[in-house]
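Undergrad: The structure that follows is given in the form of structure tokens.
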Amino acid sequence: MLVLIRGAGDIATGIALRLYRTGIQVVMTDLETVVEDVRAVRADSPAQALSLLAQGAVPVLPDPECLCREQLHPDALVDAILAKRNLGTRITDAPVV
């Protein structure tokens, strides 16, 4: 299963870590980081993100509009951006949102 997470702040990183540890593939859109020895690596394209997944890393795409979803076709999308309004996530972005 592939889950795309919008944002990589505290909330998003906690969600990503939990999903990663259960064996779910996770791609995040934000900045590169390391949390509890799980490596998040900047990916410059959706294709590179898929390659990093195969290496066991959590790819982080600089993609605030989350356009990568059109190429990644995630099974689920988590909007973990802490904002006072919806920043563009739609119920049709993935089978599970």
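We label chains A, B, ... in the order they appear in the structure tokens, count residues from 1 in each chain, and number ligands from 1 in the order shown.
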Please provide as a ChimeraX atom specification all residues within 12 Å of Ala83 (chain A), with the sequence filter that same-chain residues fewer than 6 positions apart are discarded (counting only C-alpha atoms).

TA: /A:6-7,9,11,89

Undergrad: Pull the strand (DSSP E or B) assignments for chain A out of DSSP run on the backbone, and list those residues as a PyMOL selection string.

TA: chain A and resi 2-6+25-29+34-35+38-42+58-61+76-79+96

Undergrad: For each of A:Ala47, A:Val41, A:Ala80, A:Leu17, take the minimum atom-to-atom distance to Cys68 (chain A), counting only C-alpha atoms, then give the residue where this is smallest.

TA: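 Looking only at the distances to Cys68 (chain A), the closest residue turns out to be A:Ala47.
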
Undergrad: Using only C-alpha atoms, which residue out of A:Val3, A:Ala94, A:Leu82, A:Ala57 lies closest to Glu70 (chain A)?

TA: A:Ala94

Undergrad: Between CA of Arg85 (chain A) and CA of Val58 (chain A), what is the spacing in Å?

TA: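 Answer for the CA of Val58 (chain A) to CA of Arg85 (chain A) separation: 26.7 Å.
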
Undergrad: Just how far from CA of Gln71 (chain A) is CA of Glu36 (chain A), in Å to one decimal?

TA: 29.0 Å

Undergrad: Run DSSP on the backbone of this structure and report the residues of chain A it assigns to alpha helix (DSSP H), as a PyMOL selection string.

TA: chain A and resi 10-21+46-54+69-72

Undergrad: Could you take the residues named above and write them with N, CA, C and O atoms, as a short mmCIF file (atom, residue, chain, number, x, y, z; two decimals), in the first residue's frame?

TA:
```
data_model
loop_
_atom_site.label_atom_id
_atom_site.label_comp_id
_atom_site.auth_asym_id
_atom_site.auth_seq_id
_atom_site.Cartn_x
_atom_site.Cartn_y
_atom_site.Cartn_z
N ASP A 10 5.31 18.11 12.59
CA ASP A 10 5.21 17.19 13.73
C ASP A 10 4.10 16.16 13.55
O ASP A 10 4.31 14.97 13.76
N ILE A 11 2.92 16.61 13.18
CA ILE A 11 1.79 15.69 13.04
C ILE A 11 2.04 14.72 11.90
O ILE A 11 1.89 13.51 12.05
N ALA A 12 2.44 15.25 10.75
CA ALA A 12 2.67 14.42 9.57
C ALA A 12 3.78 13.41 9.81
O ALA A 12 3.69 12.26 9.40
N THR A 13 4.85 13.84 10.47
CA THR A 13 5.98 12.96 10.71
C THR A 13 5.60 11.82 11.65
O THR A 13 6.00 10.68 11.44
N GLY A 14 4.79 12.10 12.65
CA GLY A 14 4.31 11.05 13.54
C GLY A 14 3.46 10.03 12.81
O GLY A 14 3.59 8.82 13.01
N ILE A 15 2.59 10.52 11.93
CA ILE A 15 1.75 9.63 11.13
C ILE A 15 2.63 8.78 10.21
O ILE A 15 2.46 7.56 10.11
N ALA A 16 3.59 9.42 9.55
CA ALA A 16 4.47 8.71 8.62
C ALA A 16 5.27 7.63 9.33
O ALA A 16 5.41 6.51 8.82
N LEU A 17 5.79 7.94 10.50
CA LEU A 17 6.59 6.97 11.24
C LEU A 17 5.76 5.75 11.62
O LEU A 17 6.19 4.61 11.46
N ARG A 18 4.55 5.98 12.09
CA ARG A 18 3.67 4.88 12.47
C ARG A 18 3.34 3.99 11.27
O ARG A 18 3.39 2.76 11.34
N LEU A 19 2.97 4.61 10.14
CA LEU A 19 2.65 3.85 8.93
C LEU A 19 3.86 3.08 8.42
O LEU A 19 3.77 1.91 8.06
N TYR A 20 5.04 3.75 8.39
CA TYR A 20 6.28 3.12 7.91
C TYR A 20 6.60 1.87 8.74
O TYR A 20 6.97 0.84 8.19
N ARG A 21 6.46 1.97 10.05
CA ARG A 21 6.78 0.84 10.92
C ARG A 21 5.82 -0.33 10.79
O ARG A 21 6.12 -1.43 11.23
N PRO A 46 8.51 12.23 -8.85
CA PRO A 46 7.78 11.04 -8.40
C PRO A 46 8.54 9.75 -8.72
O PRO A 46 8.54 8.82 -7.92
N ALA A 47 9.22 9.70 -9.86
CA ALA A 47 9.99 8.51 -10.23
C ALA A 47 11.11 8.26 -9.23
O ALA A 47 11.36 7.12 -8.81
N GLN A 48 11.79 9.33 -8.82
CA GLN A 48 12.85 9.18 -7.83
C GLN A 48 12.26 8.77 -6.48
O GLN A 48 12.87 8.00 -5.74
N ALA A 49 11.07 9.25 -6.16
CA ALA A 49 10.41 8.85 -4.91
C ALA A 49 10.17 7.35 -4.89
O ALA A 49 10.41 6.68 -3.88
N LEU A 50 9.71 6.80 -5.99
CA LEU A 50 9.48 5.35 -6.07
C LEU A 50 10.78 4.58 -5.92
O LEU A 50 10.82 3.53 -5.27
N SER A 51 11.86 5.10 -6.49
CA SER A 51 13.17 4.46 -6.35
C SER A 51 13.63 4.48 -4.89
O SER A 51 14.16 3.48 -4.38
N LEU A 52 13.42 5.59 -4.20
CA LEU A 52 13.80 5.68 -2.78
C LEU A 52 12.96 4.74 -1.92
O LEU A 52 13.47 4.17 -0.95
N LEU A 53 11.69 4.57 -2.26
CA LEU A 53 10.85 3.61 -1.54
C LEU A 53 11.46 2.21 -1.60
O LEU A 53 11.48 1.49 -0.61
N ALA A 54 11.95 1.84 -2.78
CA ALA A 54 12.55 0.52 -2.97
C ALA A 54 13.81 0.35 -2.13
O ALA A 54 14.19 -0.77 -1.80
N ARG A 69 0.60 13.33 -6.83
CA ARG A 69 -0.44 12.29 -6.68
C ARG A 69 -0.92 11.78 -8.03
O ARG A 69 -1.33 10.64 -8.15
N GLU A 70 -0.84 12.64 -9.06
CA GLU A 70 -1.29 12.23 -10.39
C GLU A 70 -0.38 11.15 -10.99
O GLU A 70 -0.82 10.35 -11.79
N GLN A 71 0.90 11.14 -10.59
CA GLN A 71 1.83 10.13 -11.09
C GLN A 71 2.00 8.97 -10.12
O GLN A 71 2.27 7.85 -10.53
N LEU A 72 1.86 9.22 -8.82
CA LEU A 72 2.06 8.17 -7.83
C LEU A 72 0.83 7.29 -7.63
O LEU A 72 0.94 6.15 -7.22
#
```

Undergrad: So the first atom is CA of Cys66 (chain A) and the second is CA of Val38 (chain A); what is the distance between them in Å, to one decimal place?

TA: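 So the two atoms, CA of Cys66 (chain A) and CA of Val38 (chain A), lie 22.4 Å apart.
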
Undergrad: Kindly indicate which residue among A:Leu61, A:Met1, A:Ala40, A:Ala8 lies nearest to Pro95 (chain A), using only C-alpha atoms for the distances.

TA: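 Of all the options, A:Met1 lies closest to Pro95 (chain A).
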
Undergrad: For a quick check of understanding, using only C-alpha atoms, which of A:Val97, A:Asp37, A:Asp79, A:Arg42 has the smallest distance to Glu65 (chain A)?

TA: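 So, comparing all the options, the nearest one is A:Asp79.
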